[in-house]
Structure formats: C-alpha cells, structure tokens
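Printed here is run.cif (mmCIF, C-alpha atoms and all ligand atoms):
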```cif
data_target
#
loop_
_atom_site.group_PDB
_atom_site.id
_atom_site.type_symbol
_atom_site.label_atom_id
_atom_site.label_comp_id
_atom_site.auth_asym_id
_atom_site.auth_seq_id
_atom_site.Cartn_x
_atom_site.Cartn_y
_atom_site.Cartn_z
ATOM 1 C CA MET U 12 -8.664 1.645 -1.655
ATOM 2 C CA CYS U 13 -5.530 -0.443 -1.248
ATOM 3 C CA ILE U 14 -6.319 -3.597 0.732
ATOM 4 C CA CYS U 15 -2.881 -3.375 2.392
ATOM 5 C CA VAL U 16 -4.058 -0.833 4.987
ATOM 6 C CA ASN U 17 -5.937 -3.695 6.662
ATOM 7 C CA CYS U 18 -3.224 -6.334 6.251
ATOM 8 C CA ALA U 19 -1.025 -7.709 9.019
ATOM 9 C CA TYR U 20 2.059 -7.475 6.760
ATOM 10 C CA VAL U 21 1.704 -3.828 5.742
ATOM 11 C CA ASP U 22 4.747 -2.683 7.723
ATOM 12 C CA GLN U 23 6.989 -5.508 6.434
ATOM 13 C CA CYS U 24 5.826 -5.913 2.860
ATOM 14 C CA ILE U 25 8.031 -5.271 -0.162
ATOM 15 C CA THR U 26 5.056 -4.572 -2.437
ATOM 16 C CA TYR U 27 3.448 -2.076 -0.091
ATOM 17 C CA HIS U 28 6.834 -0.372 0.232
ATOM 18 C CA GLU U 29 6.766 0.135 -3.537
ATOM 19 C CA VAL U 30 3.193 1.467 -3.372
ATOM 20 C CA GLU U 31 4.367 4.004 -0.793
ATOM 21 C CA ARG U 32 7.226 5.009 -3.076
ATOM 22 C CA GLN U 33 4.891 5.485 -6.029
ATOM 23 C CA HIS U 34 2.597 7.660 -3.898
ATOM 24 C CA GLN U 35 5.581 9.547 -2.440
ATOM 25 C CA GLN U 36 4.393 8.651 1.046
ATOM 26 C CA PRO U 37 6.684 8.125 4.033
ATOM 27 C CA HIS U 38 7.585 4.464 4.461
ATOM 28 C CA LEU U 39 6.350 2.406 7.403
ATOM 29 C CA THR U 40 9.725 0.660 7.256
ATOM 30 C CA ASP U 41 12.935 1.325 5.380
ATOM 31 C CA THR U 42 13.781 -2.368 5.254
ATOM 32 C CA PRO U 43 10.784 -4.450 4.123
ATOM 33 C CA THR U 44 11.432 -8.172 4.327
ATOM 34 C CA PHE U 45 8.118 -9.836 3.430
ATOM 35 C CA ALA U 46 7.607 -10.937 -0.173
ATOM 36 C CA PRO U 47 3.868 -11.398 -0.782
ATOM 37 C CA VAL U 48 2.432 -14.085 -3.042
ATOM 38 C CA SER U 49 0.687 -12.865 -6.209
ATOM 39 C CA PRO U 50 -0.251 -9.301 -5.343
ATOM 40 C CA THR U 51 -2.490 -7.704 -7.990
ATOM 41 C CA ILE U 52 -1.927 -4.002 -8.486
ATOM 42 C CA ASN U 53 -4.456 -1.699 -10.090
ATOM 43 C CA VAL U 54 -2.845 1.362 -11.645
ATOM 44 C CA ASN U 55 -5.056 4.351 -12.410
ATOM 45 C CA ILE U 56 -3.631 7.032 -14.644
ATOM 46 C CA ARG U 57 -5.173 10.494 -14.674
ATOM 47 C CA SER U 58 -4.152 13.632 -16.434
ATOM 48 C CA ARG U 59 -4.800 17.021 -14.931
ATOM 49 C CA GLY U 60 -3.754 19.609 -17.445
ATOM 50 C CA GLU U 61 -0.117 18.888 -18.106
ATOM 51 C CA VAL U 62 0.295 16.762 -14.983
ATOM 52 C CA ILE U 63 -0.094 12.999 -15.190
ATOM 53 C CA GLU U 64 -0.935 11.283 -11.904
ATOM 54 C CA MET U 65 -0.627 7.560 -11.216
ATOM 55 C CA GLU U 66 -2.427 5.852 -8.386
ATOM 56 C CA TRP U 67 -1.359 2.357 -7.363
ATOM 57 C CA ASP U 68 -3.692 0.130 -5.367
ATOM 58 C CA VAL U 69 -3.211 -3.480 -4.352
ATOM 59 C CA VAL U 70 -6.619 -5.014 -5.056
ATOM 60 C CA GLY U 71 -5.823 -8.679 -4.434
ATOM 61 C CA CYS U 72 -3.082 -10.718 -2.802
ATOM 62 C CA GLU U 73 -2.730 -14.356 -1.791
ATOM 63 C CA SER U 74 -0.741 -13.327 1.286
ATOM 64 C CA PHE U 75 -3.382 -10.894 2.572
ATOM 65 C CA ALA U 76 -3.994 -11.473 6.294
ATOM 66 C CA LEU U 77 -6.835 -9.406 7.713
ATOM 67 C CA ASP U 78 -5.804 -7.116 10.537
ATOM 68 C CA LYS U 79 -8.426 -4.406 10.378
ATOM 69 C CA GLY U 80 -7.065 -0.920 10.974
ATOM 70 C CA ARG U 81 -3.399 -1.995 11.113
ATOM 71 C CA TRP U 82 -2.137 0.999 9.117
ATOM 72 C CA SER U 83 -4.142 3.383 11.336
ATOM 73 C CA ARG U 84 -2.691 1.880 14.486
ATOM 74 C CA LEU U 85 0.817 2.307 13.090
ATOM 75 C CA ARG U 86 0.140 5.941 12.157
ATOM 76 C CA PRO U 87 -2.411 7.124 14.720
ATOM 77 C CA GLY U 88 -4.223 10.317 13.810
ATOM 78 C CA GLU U 89 -3.016 10.361 10.189
ATOM 79 C CA PRO U 90 -5.442 10.067 7.279
ATOM 80 C CA VAL U 91 -5.516 6.537 5.866
ATOM 81 C CA PRO U 92 -4.111 6.375 2.317
ATOM 82 C CA THR U 93 -6.884 5.890 -0.241
HETATM 83 S S1 LIG M 1 -2.132 -7.410 1.046
HETATM 84 FE FE1 LIG M 1 -0.344 -8.397 0.141
HETATM 85 S S2 LIG M 1 0.751 -6.717 -0.841
HETATM 86 FE FE2 LIG M 1 -0.621 -5.796 0.662
HETATM 87 S S3 LIG M 1 0.559 -5.610 2.576
HETATM 88 FE FE3 LIG M 1 -0.547 -7.551 2.638
HETATM 89 S S4 LIG M 1 0.932 -9.027 1.880
HETATM 90 FE FE4 LIG M 1 1.628 -7.008 1.198
#
```

Write the structure described by the file as structure tokens, please.
Amino acid sequence: MCICVNCAYVDQCITYHEVERQHQQPHLTDTPTFAPVSPTINVNIRSRGEVIEMEWDVVGCESFALDKGRWSRLRPGEPVPT
C-alpha cells in the first residue's frame, strides 16, 4: 500500500498527484504545491491477457509525516486506494 494515504501532505503533494494520475483516480487537489524529498516509488507491472496494468506505490519518502487516516478523512466513506 502507498504510504501517502497516512501522510499529512497527501492533499498537497506533487508526487501523490502523479500517483493518482497513474491510477486514473480523482485528484485530492488540482494544484499540488508540496515537493517531497526523495520519494521512492515501487512500480508493479502485471499483464492480464493483452492488458498491461501498472501499479505505483510510494514506499518511502523523507518528507513523510504520519497523519494516520488522512486520506480517509478527506474522502469519507470511499475505499482507501491500495
Ligand atoms: S509520503 Fe511523501 S510522496 Fe507521499 S504524500 Fe507524503 S510527502 Fe508526498
């Protein structure tokens, strides 16, 4: 799971904005302003028949600031991205 869902910067972060774009998810903000320090992104590539799926997860980041459940509070009732 992407660590960003529990990060205080998730709704301002340029990197998470890109993760949302890759997953074709609605953005938490259209104008991210926070540039994180050294995010590490894990990209999983799967093929299902003729379809190739890519899953992007931030697995490390020097700017990570724990705010447990931040994404859920911003999108109450929606399933947390995995
Ligand atoms: S963990 Fe890093 S990349 Fe993810 S939202 Fe927080 S600052 Fe951005």

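If you apply the PyMOL selection byres (((chain U and resi 29-43) around 8) and not hetatm) to this structure, you end up with Val21, Asp22, Gln23, Cys24, Ile25, Thr26, Tyr27, His28, Thr44, Phe45, Met65, Glu66, Trp67, Asp68 and Leu85 of chain U.
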
Which centre and which edge lengths, in Å to one decimal, describe the axis-aligned box that holds all listed atoms of ligand LIG 1 (chain M) after 6 Å is added on each side, as AutoDock Vina command-line options?
```
--center_x -0.3 --center_y -7.3 --center_z 0.9 --size_x 15.8 --size_y 15.4 --size_z 15.5
```

Expressed in Å, the length from atom CA of Lys79 of chain U to atom CA of Pro50 of chain U is 18.4 Å

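Our summary of the geometry notes that atom S1 of ligand LIG 1 (chain M) is positioned 26.2 Å from atom CA of Ile63 of chain U.
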
May I ask you to write as a PyMOL selection string all residues lying at most 8 Å from ligand LIG 1 (chain M), with all atoms listed in the file counted? chain U and resi 13-27+45-51+69-76

Rounded to one decimal, what separation in Å do you get between atom CA of Glu61 of chain U and atom CA of Met12 of chain U? 25.3 Å
